[in-house]
Every structure is written in structure tokens, then in C-alpha cells.
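Asker: Handing over data_24.cif, mmCIF, C-alpha atoms.
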data_input
loop_
_atom_site.label_atom_id
_atom_site.label_comp_id
_atom_site.auth_asym_id
_atom_site.auth_seq_id
_atom_site.Cartn_x
_atom_site.Cartn_y
_atom_site.Cartn_z
CA MET A 1 -10.40 -13.76 22.12
CA ASP A 2 -8.21 -12.76 25.11
CA GLU A 3 -8.78 -9.02 25.70
CA SER A 4 -5.45 -8.51 27.49
CA ARG A 5 -3.22 -9.77 24.68
CA HIS A 6 -2.84 -8.81 21.05
CA TRP A 7 -5.08 -10.85 18.75
CA ALA A 8 -2.13 -12.10 16.68
CA ASP A 9 -0.41 -13.57 19.75
CA VAL A 10 -3.64 -15.27 20.84
CA ILE A 11 -3.93 -16.91 17.41
CA ALA A 12 -0.28 -17.98 17.51
CA GLU A 13 -0.80 -19.59 20.91
CA ASN A 14 -3.96 -21.36 19.73
CA VAL A 15 -2.28 -23.00 16.73
CA ALA A 16 1.40 -23.27 17.65
CA ALA A 17 1.29 -26.86 18.88
CA THR A 18 -1.04 -28.22 16.19
CA ARG A 19 1.61 -28.51 13.42
CA GLU A 20 5.39 -28.59 13.12
CA LYS A 21 5.15 -25.91 10.44
CA HIS A 22 2.39 -23.44 9.68
CA ILE A 23 1.58 -22.02 6.27
CA ILE A 24 -0.57 -18.91 6.38
CA ALA A 25 -2.35 -18.24 3.08
CA THR A 26 -3.93 -15.15 1.66
CA GLY A 27 -5.34 -14.47 -1.79
CA ILE A 28 -7.08 -11.78 -3.81
CA THR A 29 -8.67 -11.70 -7.27
CA PRO A 30 -6.99 -8.86 -9.25
CA SER A 31 -10.20 -7.78 -10.99
CA GLY A 32 -9.66 -4.12 -10.15
CA SER A 33 -7.56 -1.80 -8.01
CA ILE A 34 -6.44 -3.64 -4.89
CA HIS A 35 -7.35 -1.33 -2.03
CA ILE A 36 -6.74 -1.03 1.69
CA GLY A 37 -9.90 -3.05 2.29
CA ASN A 38 -8.18 -5.96 0.53
CA LEU A 39 -5.03 -5.18 2.49
CA ARG A 40 -6.78 -6.17 5.70
CA GLU A 41 -6.68 -9.82 4.63
CA VAL A 42 -2.97 -9.72 3.85
CA LEU A 43 -2.00 -7.75 6.96
CA THR A 44 -4.09 -10.04 9.15
CA ALA A 45 -2.17 -12.98 7.69
CA ASP A 46 1.14 -11.15 8.17
CA GLY A 47 0.27 -10.31 11.78
CA ALA A 48 -0.36 -13.99 12.52
CA TYR A 49 2.82 -14.92 10.65
CA ARG A 50 4.97 -12.49 12.65
CA ALA A 51 3.42 -13.61 15.94
CA LEU A 52 4.19 -17.25 15.11
CA CYS A 53 7.77 -16.39 14.18
CA ASP A 54 8.20 -14.39 17.40
CA ALA A 55 6.97 -17.46 19.32
CA GLY A 56 9.67 -19.58 17.68
CA VAL A 57 7.27 -21.45 15.39
CA ASP A 58 8.33 -22.43 11.87
CA ALA A 59 5.98 -20.46 9.62
CA GLU A 60 5.62 -19.34 6.02
CA LEU A 61 3.39 -16.66 4.49
CA ILE A 62 2.02 -17.28 0.99
CA TYR A 63 -0.09 -15.20 -1.37
CA ILE A 64 -2.22 -16.64 -4.19
CA GLY A 65 -3.22 -14.28 -6.97
CA ASP A 66 -6.49 -15.59 -8.41
CA THR A 67 -5.47 -14.83 -11.99
CA PHE A 68 -7.54 -17.69 -13.45
CA ASP A 69 -10.80 -16.10 -12.29
CA PRO A 70 -12.95 -14.68 -15.10
CA LEU A 71 -13.81 -11.06 -15.78
CA ARG A 72 -17.40 -11.11 -14.50
CA LYS A 73 -18.68 -7.88 -16.06
CA VAL A 74 -17.59 -4.56 -17.51
CA TYR A 75 -16.86 -2.67 -14.30
CA PRO A 76 -17.54 1.08 -14.10
CA PHE A 77 -13.82 1.85 -14.39
CA LEU A 78 -13.43 -0.11 -17.67
CA SER A 79 -14.15 0.97 -21.23
CA ASP A 80 -17.02 -0.65 -23.11
CA ASP A 81 -14.40 -2.46 -25.22
CA TYR A 82 -14.00 -4.94 -22.38
CA ALA A 83 -17.44 -6.43 -23.06
CA GLU A 84 -15.81 -8.93 -25.42
CA TYR A 85 -13.59 -10.21 -22.60
CA VAL A 86 -16.33 -10.96 -20.07
CA GLY A 87 -16.04 -14.62 -19.09
CA LYS A 88 -12.36 -14.87 -20.01
CA PRO A 89 -9.63 -15.44 -17.38
CA LEU A 90 -7.95 -12.30 -16.07
CA TYR A 91 -4.50 -13.49 -17.13
CA ALA A 92 -5.73 -13.84 -20.75
CA ILE A 93 -7.19 -10.32 -21.07
CA PRO A 94 -5.29 -7.27 -22.37
CA CYS A 95 -3.90 -4.77 -19.89
CA PRO A 96 -6.03 -1.60 -19.56
CA CYS A 97 -3.00 0.69 -19.91
CA GLY A 98 -1.18 -1.38 -22.51
CA ASN A 99 2.05 -1.49 -20.51
CA CYS A 100 1.58 -4.71 -18.53
CA LYS A 101 1.63 -8.36 -19.57
CA ASN A 102 -2.11 -8.75 -19.02
CA TYR A 103 -5.15 -7.46 -17.12
CA ALA A 104 -4.27 -9.36 -13.93
CA ASP A 105 -0.73 -7.96 -13.86
CA HIS A 106 -2.03 -4.42 -14.33
CA TYR A 107 -3.66 -4.59 -10.89
CA LEU A 108 -1.44 -7.19 -9.23
CA MET A 109 2.03 -5.71 -9.80
CA PRO A 110 1.37 -2.35 -8.04
CA PHE A 111 -0.11 -4.30 -5.15
CA LEU A 112 2.94 -6.55 -4.82
CA ARG A 113 5.24 -3.51 -4.93
CA SER A 114 3.20 -1.96 -2.11
CA LEU A 115 3.56 -5.14 -0.06
CA LYS A 116 7.35 -4.74 -0.20
CA GLU A 117 7.03 -1.18 1.11
CA LEU A 118 4.90 -2.56 3.94
CA ASP A 119 7.57 -5.19 4.67
CA ILE A 120 5.18 -8.01 3.80
CA ARG A 121 7.15 -10.67 1.93
CA PRO A 122 5.02 -13.68 1.01
CA VAL A 123 5.85 -16.48 -1.39
CA VAL A 124 3.70 -15.53 -4.39
CA TYR A 125 1.71 -18.04 -6.44
CA LEU A 126 -0.43 -17.24 -9.48
CA ALA A 127 -3.45 -19.50 -9.88
CA HIS A 128 -3.17 -19.95 -13.65
CA GLU A 129 0.48 -21.00 -13.26
CA LEU A 130 -0.46 -23.57 -10.60
CA TYR A 131 -3.01 -25.08 -12.99
CA GLU A 132 -0.64 -24.95 -15.97
CA SER A 133 2.12 -26.65 -13.97
CA GLY A 134 -0.11 -29.65 -13.25
CA ASP A 135 -0.23 -29.09 -9.49
CA PHE A 136 -4.04 -29.22 -9.58
CA VAL A 137 -4.39 -32.26 -11.84
CA PRO A 138 -4.74 -34.91 -9.07
CA ALA A 139 -7.24 -32.75 -7.17
CA THR A 140 -9.18 -32.05 -10.36
CA MET A 141 -9.45 -35.72 -11.28
CA LYS A 142 -10.54 -36.59 -7.74
CA ALA A 143 -13.21 -33.89 -7.92
CA LEU A 144 -14.49 -35.20 -11.26
CA GLN A 145 -14.59 -38.75 -9.89
CA ASN A 146 -16.47 -37.55 -6.79
CA ARG A 147 -18.79 -35.12 -8.55
CA ASP A 148 -21.95 -36.54 -6.97
CA LYS A 149 -20.49 -36.54 -3.45
CA ILE A 150 -19.36 -32.93 -3.81
CA ALA A 151 -22.74 -31.88 -5.19
CA ALA A 152 -24.43 -33.55 -2.22
CA ILE A 153 -22.14 -31.71 0.21
CA ILE A 154 -22.88 -28.35 -1.44
CA GLU A 155 -26.62 -29.01 -1.38
CA GLU A 156 -26.60 -30.19 2.22
CA VAL A 157 -24.45 -27.35 3.54
CA SER A 158 -25.60 -24.41 1.42
CA LYS A 159 -29.26 -25.50 1.20
CA ARG A 160 -29.31 -24.73 -2.52
CA ALA A 161 -29.93 -27.08 -5.42
CA VAL A 162 -27.04 -28.04 -7.68
CA PRO A 163 -28.01 -28.25 -11.38
CA ALA A 164 -28.02 -31.72 -12.93
CA ASP A 165 -25.33 -30.68 -15.44
CA TRP A 166 -23.08 -29.07 -12.80
CA SER A 167 -19.40 -30.00 -12.81
CA PRO A 168 -16.69 -29.16 -10.27
CA PHE A 169 -14.43 -28.21 -13.20
CA ASN A 170 -14.84 -25.24 -15.52
CA VAL A 171 -13.19 -25.83 -18.90
CA LEU A 172 -11.45 -23.04 -20.80
CA CYS A 173 -13.01 -23.06 -24.27
CA GLU A 174 -10.42 -23.54 -27.02
CA SER A 175 -12.52 -21.50 -29.42
CA CYS A 176 -13.94 -18.44 -27.61
CA GLY A 177 -11.51 -18.41 -24.67
CA ARG A 178 -14.24 -18.21 -22.03
CA ILE A 179 -14.27 -20.24 -18.84
CA THR A 180 -17.85 -19.41 -17.84
CA ALA A 181 -19.76 -20.85 -20.79
CA THR A 182 -18.64 -24.51 -20.91
CA LYS A 183 -20.16 -27.74 -19.64
CA VAL A 184 -18.26 -30.95 -18.93
CA THR A 185 -19.88 -33.88 -20.74
CA GLY A 186 -17.40 -36.59 -19.77
CA PHE A 187 -13.86 -37.32 -18.62
CA ASP A 188 -11.16 -39.96 -18.98
CA GLU A 189 -9.47 -40.62 -15.65
CA HIS A 190 -6.58 -42.52 -17.28
CA ARG A 191 -5.75 -39.91 -19.92
CA GLU A 192 -6.73 -37.09 -17.53
CA THR A 193 -8.88 -35.37 -20.15
CA VAL A 194 -12.35 -33.84 -20.21
CA ASP A 195 -14.97 -33.63 -22.94
CA TYR A 196 -16.96 -30.42 -23.06
CA THR A 197 -19.35 -28.23 -24.99
CA CYS A 198 -19.49 -24.44 -25.02
CA ASP A 199 -22.30 -21.95 -25.46
CA CYS A 200 -20.37 -20.57 -28.44
CA GLY A 201 -21.14 -23.84 -30.25
CA TYR A 202 -17.73 -25.45 -29.88
CA ALA A 203 -17.21 -28.97 -28.51
CA GLY A 204 -13.92 -30.65 -27.76
CA LYS A 205 -11.66 -32.78 -25.57
CA VAL A 206 -8.70 -31.33 -23.64
CA PRO A 207 -6.24 -32.39 -20.93
CA VAL A 208 -7.32 -31.00 -17.57
CA LYS A 209 -3.80 -29.64 -17.07
CA GLY A 210 -3.92 -25.91 -17.73
CA ASN A 211 -7.23 -26.01 -19.60
CA GLY A 212 -9.63 -24.98 -16.87
CA LYS A 213 -10.05 -24.59 -13.14
CA LEU A 214 -12.09 -26.01 -10.32
CA THR A 215 -15.18 -24.07 -9.26
CA TRP A 216 -14.56 -21.71 -6.34
CA ARG A 217 -15.76 -23.84 -3.43
CA VAL A 218 -13.87 -26.88 -4.70
CA ASP A 219 -10.78 -24.89 -5.73
CA TRP A 220 -10.46 -23.38 -2.26
CA ALA A 221 -10.65 -26.77 -0.56
CA ALA A 222 -8.20 -28.30 -3.04
CA ARG A 223 -5.57 -25.59 -2.66
CA TRP A 224 -5.45 -26.08 1.11
CA GLY A 225 -4.05 -29.56 0.65
CA ILE A 226 -1.96 -28.74 -2.44
CA LEU A 227 -0.17 -25.84 -0.73
CA GLY A 228 -0.29 -27.23 2.81
CA VAL A 229 -2.30 -24.31 4.18
CA THR A 230 -2.86 -24.42 7.95
CA ILE A 231 -4.11 -20.89 8.68
CA GLU A 232 -6.14 -18.54 6.49
CA PRO A 233 -7.92 -15.23 7.05
CA PHE A 234 -11.04 -14.56 5.01
CA GLY A 235 -13.91 -12.07 4.91
CA LYS A 236 -17.12 -12.52 6.84
CA ASP A 237 -18.99 -13.23 3.58
CA HIS A 238 -17.21 -16.58 3.31
CA ALA A 239 -17.90 -17.35 6.97
CA THR A 240 -21.71 -17.24 6.85
CA ARG A 241 -23.59 -20.43 7.74
CA GLY A 242 -23.58 -22.64 4.64
CA GLY A 243 -20.98 -20.43 2.97
CA SER A 244 -17.68 -21.13 1.23
CA TYR A 245 -15.75 -22.09 4.37
CA ASP A 246 -18.42 -24.50 5.59
CA THR A 247 -18.59 -26.29 2.24
CA GLY A 248 -14.81 -26.12 1.84
CA THR A 249 -14.34 -27.75 5.22
CA ARG A 250 -16.53 -30.72 4.26
CA ILE A 251 -14.96 -31.08 0.80
CA SER A 252 -11.44 -30.85 2.23
CA ARG A 253 -12.06 -33.53 4.83
CA GLU A 254 -14.36 -35.89 2.94
CA ILE A 255 -12.93 -35.68 -0.60
CA TYR A 256 -9.29 -34.70 -0.12
CA GLY A 257 -8.62 -36.07 3.37
CA TYR A 258 -7.07 -32.79 4.52
CA GLU A 259 -7.86 -30.92 7.71
CA PRO A 260 -9.06 -27.40 6.84
CA PRO A 261 -7.00 -24.41 7.99
CA TYR A 262 -7.55 -22.48 11.18
CA PRO A 263 -9.93 -19.66 10.19
CA ILE A 264 -9.37 -15.97 10.94
CA ILE A 265 -12.57 -14.14 10.04
CA TYR A 266 -12.27 -10.43 9.41
CA GLU A 267 -14.68 -7.54 9.01
CA TRP A 268 -14.66 -4.87 6.30
CA ILE A 269 -12.91 -1.51 6.21
CA HIS A 270 -15.48 1.24 5.65
CA LEU A 271 -14.58 4.47 3.89
CA LYS A 272 -16.27 7.34 5.71
CA GLY A 273 -19.42 8.43 3.92
CA LYS A 274 -19.21 5.70 1.26
CA GLY A 275 -19.45 2.35 3.02
CA ALA A 276 -17.44 -0.85 2.55
CA MET A 277 -14.66 -0.69 0.00
CA SER A 278 -15.15 -2.63 -3.23
CA SER A 279 -13.09 -2.76 -6.42
CA SER A 280 -16.16 -3.53 -8.51
CA THR A 281 -18.03 -0.40 -7.38
CA GLY A 282 -15.01 1.87 -7.39
CA VAL A 283 -15.33 2.68 -3.66
CA THR A 284 -11.62 2.34 -2.97
CA VAL A 285 -8.48 3.94 -1.64
CA THR A 286 -5.51 2.18 -3.19
CA ILE A 287 -2.57 1.06 -1.09
CA SER A 288 -0.09 2.97 -3.25
CA ASP A 289 -2.13 6.17 -2.76
CA MET A 290 -2.10 5.68 1.00
CA LEU A 291 1.66 5.13 1.01
CA GLN A 292 2.03 8.54 -0.64
CA VAL A 293 0.51 10.26 2.40
CA MET A 294 1.51 8.11 5.39
CA PRO A 295 4.48 5.97 6.42
CA PRO A 296 4.06 2.22 5.79
CA GLU A 297 4.21 1.39 9.49
CA VAL A 298 1.23 3.68 10.14
CA LEU A 299 -0.81 1.98 7.42
CA ARG A 300 0.09 -1.35 9.02
CA TYR A 301 -0.93 0.04 12.41
CA LEU A 302 -4.37 1.10 11.12
CA ILE A 303 -5.20 -2.57 10.58
CA ILE A 304 -2.98 -4.40 13.08
CA LYS A 305 -4.32 -2.47 16.09
CA THR A 306 -7.90 -3.68 15.55
CA LYS A 307 -9.15 -7.21 16.13
CA PRO A 308 -10.03 -8.84 12.78
CA GLU A 309 -13.67 -9.40 13.77
CA LYS A 310 -14.25 -5.66 14.28
CA HIS A 311 -14.88 -3.38 11.32
CA ILE A 312 -12.61 -0.39 10.73
CA ASP A 313 -13.98 3.06 9.93
CA PHE A 314 -11.37 4.85 7.84
CA ASP A 315 -11.59 8.62 7.61
CA PRO A 316 -8.91 10.04 5.25
CA SER A 317 -9.32 13.46 6.87
CA ARG A 318 -7.96 12.05 10.15
CA ILE A 319 -4.67 10.67 8.83
CA VAL A 320 -2.63 13.18 10.87
CA GLU A 321 -4.33 12.02 14.09
CA LEU A 322 -3.64 8.38 13.15
CA ILE A 323 0.05 9.15 12.66
CA ASP A 324 0.19 10.84 16.07
CA GLU A 325 -1.60 7.87 17.66
CA TYR A 326 1.01 5.56 16.17
CA ASP A 327 3.83 7.80 17.41
CA ARG A 328 2.44 7.63 20.96
CA ALA A 329 1.79 3.87 20.88
CA THR A 330 4.09 1.58 22.86
CA GLY A 331 2.36 -1.81 22.83
CA ARG A 332 2.32 -4.95 20.73
CA ALA A 333 0.28 -3.37 17.93
CA ARG A 334 3.07 -0.89 17.30
CA GLU A 335 5.67 -3.66 17.48
CA LEU A 336 3.84 -5.73 14.85
CA SER A 337 3.49 -2.63 12.67
CA GLN A 338 7.22 -2.04 12.28
CA THR A 339 8.94 -2.20 8.91
CA GLY A 340 12.63 -2.47 8.12
CA THR A 341 12.77 1.31 7.65
CA SER A 342 10.69 2.38 10.67
CA LEU A 343 12.06 5.38 12.58
CA ARG A 344 10.64 6.76 15.81
CA SER A 345 10.23 10.47 16.51
CA ASP A 346 9.41 11.99 19.89
CA ILE A 347 7.90 15.03 18.14
CA PRO A 348 4.15 14.66 17.42
CA PHE A 349 3.41 14.62 13.71
CA THR A 350 0.80 17.37 14.12
CA HIS A 351 3.52 19.61 15.58
CA ILE A 352 5.77 18.93 12.60
CA VAL A 353 2.95 19.78 10.17
CA THR A 354 2.17 23.00 12.05
CA ALA A 355 5.83 24.01 12.08
CA LEU A 356 6.14 23.46 8.34
CA GLN A 357 3.09 25.64 7.72
CA ILE A 358 4.47 28.62 9.65
#
Let me see the file written as C-alpha cells.
Answerer:
Amino acid sequence: MDESRHWADVIAENVAATREKHIIATGITPSGSIHIGNLREVLTADGAYRALCDAGVDAELIYIGDTFDPLRKVYPFLSDDYAEYVGKPLYAIPCPCGNCKNYADHYLMPFLRSLKELDIRPVVYLAHELYESGDFVPATMKALQNRDKIAAIIEEVSKRAVPADWSPFNVLCESCGRITATKVTGFDEHRETVDYTCDCGYAGKVPVKGNGKLTWRVDWAARWGILGVTIEPFGKDHATRGGSYDTGTRISREIYGYEPPYPIIYEWIHLKGKGAMSSSTGVTVTISDMLQVMPPEVLRYLIIKTKPEKHIDFDPSRIVELIDEYDRATGRARELSQTGTSLRSDIPFTHIVTALQI
């Protein structure tokens, strides 16, 4: 990447002429508190979006909340009562505090409010609503019809065996409500239905519309074409050889006939003394907490100033120094960090803090 120019402008230049309009996608599974490590994906997308807009390119920023993903385990921050919900979609699980519509909303709504404070304004999609609306039906039927081809792609790219009873579609059991315990036993391409059995002992037939979701690697490839995605940042875990992006690229081209999006691979944000942030382990600093102690433009700057492929070491004890660094900055990173309420002060923040303490 060009060392003399900001990374977002380099990306904008690389992709500007490839499409008349660019759609930059970002998405997070709201399985726990959405932290500043997650924010790197969204701010990377927003940086590319702003750079494209500044270059006069028609662009749109979208966010997909993966609300149809299952609760995978009882995380350390949950009560033991949540054991009965393991395997059920996040949108169909009760809210931990009792004040939100569901589990997904409990973690998603504070995050979306924080995005507004950060002047990030994507078009928001919720995965379960996309499936319930029927948007995924054609892609689901095509995946079922091409099950063997997709399995061969996954085996060839990932170098792992696909079970004989594997299906690209996970059915939501009508009886137990789990999406992780079912097996597709047949489908009707004319009626757009699937037959299935569940580990709970239930067997049935349901329309594919709203009654399940594609497996991750297939879902990701399908949504690119459904939503017209042309650019997408994602973590280095998806970018490994034989990983999700490699398989998604093949599935997108060979099954759905859609060119995969331009990839922006990003590194993790490490919390000093604790390692990479993770909702499942509880190693997090939430975005709302950070916005209580620093201006939104400084939080943007923390991420925007660093190339996506370089990891960020975040030390909460050095927030004052970060604010002063932002105040002194004059380049493109500062420009891309601005919010609608940004104000500039010529007085160093450390001086203000010292004065207030006298």
C-alpha cells in the first residue's frame, strides 16, 4: 500500500473505476458486548466509504447484524439459565436485562447508538429479517441444488472433509427452536421447501423462507450478490489460506455468478496486558464506555490513523496522550476522523486536565 498516502484514499483509487456504484459492507454477530475491537471493522469500512465519497464516487455503507446466528455456548458473562437457549438464533432468545426485544437487540442497539455518535451512518440490515423477507430464497434454492459442487469447493479450498450428510442450509427446528441440531433430508425446488430431522426427535417439512439460514461460508458468498457488495473489510482469521474468503470467492463466482468484493483485511486491537479483544472471553472495552472518556473523533482517530493490516495496541492509561496527538494532527487521518460535532482547540488536552486539577 502506498506509504505516502492515507490507506483509505489508496483503496478508493484502486476500486473507483471498477464499478459505477460501490457498496461497502460490514457485519458483526451480536453475541456479546460489541467492543472497540469490533469497531475496527466498521470504521475501516467507513474510512473507505468517506474516501470514495471525497473522490466523487457513488458509494453506500451498509451494516448487517448477524441476528440469525445461534448462541454457541453459555458465555462467562451469562447466567446458567442460558444453557437452554444454546443453539437457538440470537433474535429468538430473551434479552439478558429484560428491557430489550431480544438477546440480539440487547447488544446491537447500544452499538448502533454509538455509531451515530461516531457519525457512522450505514443502512442497517438484520439477517433474520432478510431471510424472513424472502431475499435469500433464490440463493438458498441454488445452494441446495448445487450442494455437491459447493461441498467439493469447500473440500478443495479448505482441505477438510465435508460430511456425507452436510447441507448448505441449516433448518430452524419447529419443535425445539434450534438451528444447530437439524439435518436436511430432501427439498422441493418447485415448492421451495425442505424436509428435515432434528436431534430432538422432530421431523418436518417447511418453506425455506424464514425457516433457516445458509451455513456461514455459503451465506457470506450469497449476501454479496443479494446486497450488491463490492468492498468488504474482514478480520485476518477469514483471510487465511483456505479460509472463509477463499471459499466464499469460489462459491460466489462458480455458484452465484457474482464477482467477490474487494477485500480489506484488518488486524486485531489488543488491550494492553490482556491480548486481543473478544466478546466471548470478556476481554473488551465497549464503544459506549470509550465515548464516556474521549470525544468520538478521537476514538475514530485511534483506528483511522493506522493501516488496517497493522495491529493496534490500546492502552487505556494513555488516553490523554492520544487526545493530544489528535489535537496536534493535521493530515488526512484527522480529516477522516471528523464528526459533525468536531471542534478544534489549540490548547493541549493535557494542559486543560492539569488546569482543572489545580
Asker: Record the distance separating atom CA of A:Ala104 and atom CA of A:Glu129, expressed in Å with one decimal.
Answerer: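 Pair atom CA of A:Ala104 / atom CA of A:Glu129 returns 12.6 Å.
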Asker: Please expand the PyMOL selection byres ((chain A and resi 180) around 7) into the concrete residues it hits in this file, giving the result as a list in words.
Answerer: Gly87, Asn170, Arg178, Ile179, Ala181 and Thr182 of chain A
Asker: Got a sec to resolve the PyMOL selection byres ((chain A and resi 22) around 12) on this structure and send the residues as a ChimeraX atom specification?
Answerer: /A:11-12,15-21,23-25,45,48-53,56-62,224,227-232,261-262
Asker: So which one's closest to A:Lys205, A:Asp324, A:Asp188, A:Asp135, A:Glu41? Using all atoms listed in the file, please.
Answerer: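 Answer, going by the shortest atom-to-atom distance: A:Asp188.
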Asker: Compile the contact shell of stretch 95-98 of chain A as a PyMOL selection string: residues with an atom at most 12 Å away, counting all atoms listed in the file, same-chain residues fewer than 5 positions apart removed.
Answerer: chain A and resi 30-33+77-82+85+90+103-109
Asker: Taking N, CA and C atoms as the atom set, what does stretch 205-233 of chain A look like once completed, written as a PDB file, in the coordinates of the input?
Answerer:
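Done, and the output landed in result_3.pdb:
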ATOM      1  N   LYS A 205     -12.256 -31.961 -26.627  1.00  0.00           N
ATOM      2  CA  LYS A 205     -11.660 -32.780 -25.570  1.00  0.00           C
ATOM      3  C   LYS A 205     -10.287 -32.169 -25.281  1.00  0.00           C
ATOM      4  N   VAL A 206      -9.986 -31.917 -24.011  1.00  0.00           N
ATOM      5  CA  VAL A 206      -8.700 -31.330 -23.640  1.00  0.00           C
ATOM      6  C   VAL A 206      -8.140 -31.993 -22.391  1.00  0.00           C
ATOM      7  N   PRO A 207      -6.811 -31.966 -22.214  1.00  0.00           N
ATOM      8  CA  PRO A 207      -6.240 -32.390 -20.930  1.00  0.00           C
ATOM      9  C   PRO A 207      -6.699 -31.419 -19.846  1.00  0.00           C
ATOM     10  N   VAL A 208      -6.915 -31.912 -18.642  1.00  0.00           N
ATOM     11  CA  VAL A 208      -7.320 -31.000 -17.570  1.00  0.00           C
ATOM     12  C   VAL A 208      -6.184 -30.052 -17.200  1.00  0.00           C
ATOM     13  N   LYS A 209      -4.953 -30.469 -17.421  1.00  0.00           N
ATOM     14  CA  LYS A 209      -3.800 -29.640 -17.070  1.00  0.00           C
ATOM     15  C   LYS A 209      -3.801 -28.328 -17.846  1.00  0.00           C
ATOM     16  N   GLY A 210      -4.006 -27.234 -17.139  1.00  0.00           N
ATOM     17  CA  GLY A 210      -3.920 -25.910 -17.730  1.00  0.00           C
ATOM     18  C   GLY A 210      -5.094 -25.481 -18.576  1.00  0.00           C
ATOM     19  N   ASN A 211      -6.115 -26.326 -18.700  1.00  0.00           N
ATOM     20  CA  ASN A 211      -7.230 -26.010 -19.600  1.00  0.00           C
ATOM     21  C   ASN A 211      -8.544 -25.768 -18.861  1.00  0.00           C
ATOM     22  N   GLY A 212      -8.449 -25.293 -17.652  1.00  0.00           N
ATOM     23  CA  GLY A 212      -9.630 -24.980 -16.870  1.00  0.00           C
ATOM     24  C   GLY A 212      -9.281 -24.942 -15.404  1.00  0.00           C
ATOM     25  N   LYS A 213     -10.277 -24.645 -14.578  1.00  0.00           N
ATOM     26  CA  LYS A 213     -10.050 -24.590 -13.140  1.00  0.00           C
ATOM     27  C   LYS A 213     -11.256 -25.129 -12.384  1.00  0.00           C
ATOM     28  N   LEU A 214     -11.010 -25.556 -11.191  1.00  0.00           N
ATOM     29  CA  LEU A 214     -12.090 -26.010 -10.320  1.00  0.00           C
ATOM     30  C   LEU A 214     -12.988 -24.840  -9.945  1.00  0.00           C
ATOM     31  N   THR A 215     -14.260 -25.115  -9.720  1.00  0.00           N
ATOM     32  CA  THR A 215     -15.180 -24.070  -9.260  1.00  0.00           C
ATOM     33  C   THR A 215     -14.716 -23.588  -7.880  1.00  0.00           C
ATOM     34  N   TRP A 216     -15.117 -22.376  -7.520  1.00  0.00           N
ATOM     35  CA  TRP A 216     -14.560 -21.710  -6.340  1.00  0.00           C
ATOM     36  C   TRP A 216     -14.559 -22.561  -5.088  1.00  0.00           C
ATOM     37  N   ARG A 217     -15.694 -23.113  -4.698  1.00  0.00           N
ATOM     38  CA  ARG A 217     -15.760 -23.840  -3.430  1.00  0.00           C
ATOM     39  C   ARG A 217     -14.872 -25.080  -3.432  1.00  0.00           C
ATOM     40  N   VAL A 218     -14.721 -25.689  -4.586  1.00  0.00           N
ATOM     41  CA  VAL A 218     -13.870 -26.880  -4.700  1.00  0.00           C
ATOM     42  C   VAL A 218     -12.404 -26.456  -4.804  1.00  0.00           C
ATOM     43  N   ASP A 219     -12.141 -25.412  -5.574  1.00  0.00           N
ATOM     44  CA  ASP A 219     -10.780 -24.890  -5.730  1.00  0.00           C
ATOM     45  C   ASP A 219     -10.183 -24.515  -4.386  1.00  0.00           C
ATOM     46  N   TRP A 220     -10.960 -23.827  -3.564  1.00  0.00           N
ATOM     47  CA  TRP A 220     -10.460 -23.380  -2.260  1.00  0.00           C
ATOM     48  C   TRP A 220     -10.079 -24.575  -1.397  1.00  0.00           C
ATOM     49  N   ALA A 221     -10.935 -25.571  -1.352  1.00  0.00           N
ATOM     50  CA  ALA A 221     -10.650 -26.770  -0.560  1.00  0.00           C
ATOM     51  C   ALA A 221      -9.429 -27.512  -1.102  1.00  0.00           C
ATOM     52  N   ALA A 222      -9.313 -27.582  -2.422  1.00  0.00           N
ATOM     53  CA  ALA A 222      -8.200 -28.300  -3.040  1.00  0.00           C
ATOM     54  C   ALA A 222      -6.864 -27.615  -2.757  1.00  0.00           C
ATOM     55  N   ARG A 223      -6.845 -26.297  -2.830  1.00  0.00           N
ATOM     56  CA  ARG A 223      -5.570 -25.590  -2.660  1.00  0.00           C
ATOM     57  C   ARG A 223      -5.035 -25.704  -1.235  1.00  0.00           C
ATOM     58  N   TRP A 224      -5.931 -25.895  -0.256  1.00  0.00           N
ATOM     59  CA  TRP A 224      -5.450 -26.080   1.110  1.00  0.00           C
ATOM     60  C   TRP A 224      -4.487 -27.260   1.183  1.00  0.00           C
ATOM     61  N   GLY A 225      -4.900 -28.374   0.606  1.00  0.00           N
ATOM     62  CA  GLY A 225      -4.050 -29.560   0.650  1.00  0.00           C
ATOM     63  C   GLY A 225      -2.850 -29.444  -0.276  1.00  0.00           C
ATOM     64  N   ILE A 226      -3.042 -28.867  -1.460  1.00  0.00           N
ATOM     65  CA  ILE A 226      -1.960 -28.740  -2.440  1.00  0.00           C
ATOM     66  C   ILE A 226      -0.823 -27.881  -1.893  1.00  0.00           C
ATOM     67  N   LEU A 227      -1.174 -26.781  -1.232  1.00  0.00           N
ATOM     68  CA  LEU A 227      -0.170 -25.840  -0.730  1.00  0.00           C
ATOM     69  C   LEU A 227       0.141 -26.029   0.752  1.00  0.00           C
ATOM     70  N   GLY A 228      -0.551 -26.960   1.398  1.00  0.00           N
ATOM     71  CA  GLY A 228      -0.290 -27.230   2.810  1.00  0.00           C
ATOM     72  C   GLY A 228      -0.740 -26.134   3.755  1.00  0.00           C
ATOM     73  N   VAL A 229      -1.825 -25.457   3.400  1.00  0.00           N
ATOM     74  CA  VAL A 229      -2.300 -24.310   4.180  1.00  0.00           C
ATOM     75  C   VAL A 229      -2.836 -24.765   5.543  1.00  0.00           C
ATOM     76  N   THR A 230      -2.395 -24.085   6.601  1.00  0.00           N
ATOM     77  CA  THR A 230      -2.860 -24.420   7.950  1.00  0.00           C
ATOM     78  C   THR A 230      -3.604 -23.280   8.636  1.00  0.00           C
ATOM     79  N   ILE A 231      -3.435 -22.065   8.121  1.00  0.00           N
ATOM     80  CA  ILE A 231      -4.110 -20.890   8.680  1.00  0.00           C
ATOM     81  C   ILE A 231      -4.523 -20.000   7.517  1.00  0.00           C
ATOM     82  N   GLU A 232      -5.742 -19.457   7.563  1.00  0.00           N
ATOM     83  CA  GLU A 232      -6.140 -18.540   6.490  1.00  0.00           C
ATOM     84  C   GLU A 232      -7.177 -17.537   6.981  1.00  0.00           C
ATOM     85  N   PRO A 233      -6.897 -16.242   6.796  1.00  0.00           N
ATOM     86  CA  PRO A 233      -7.920 -15.230   7.050  1.00  0.00           C
ATOM     87  C   PRO A 233      -8.844 -15.097   5.849  1.00  0.00           C
TER      88      PRO A 233
END
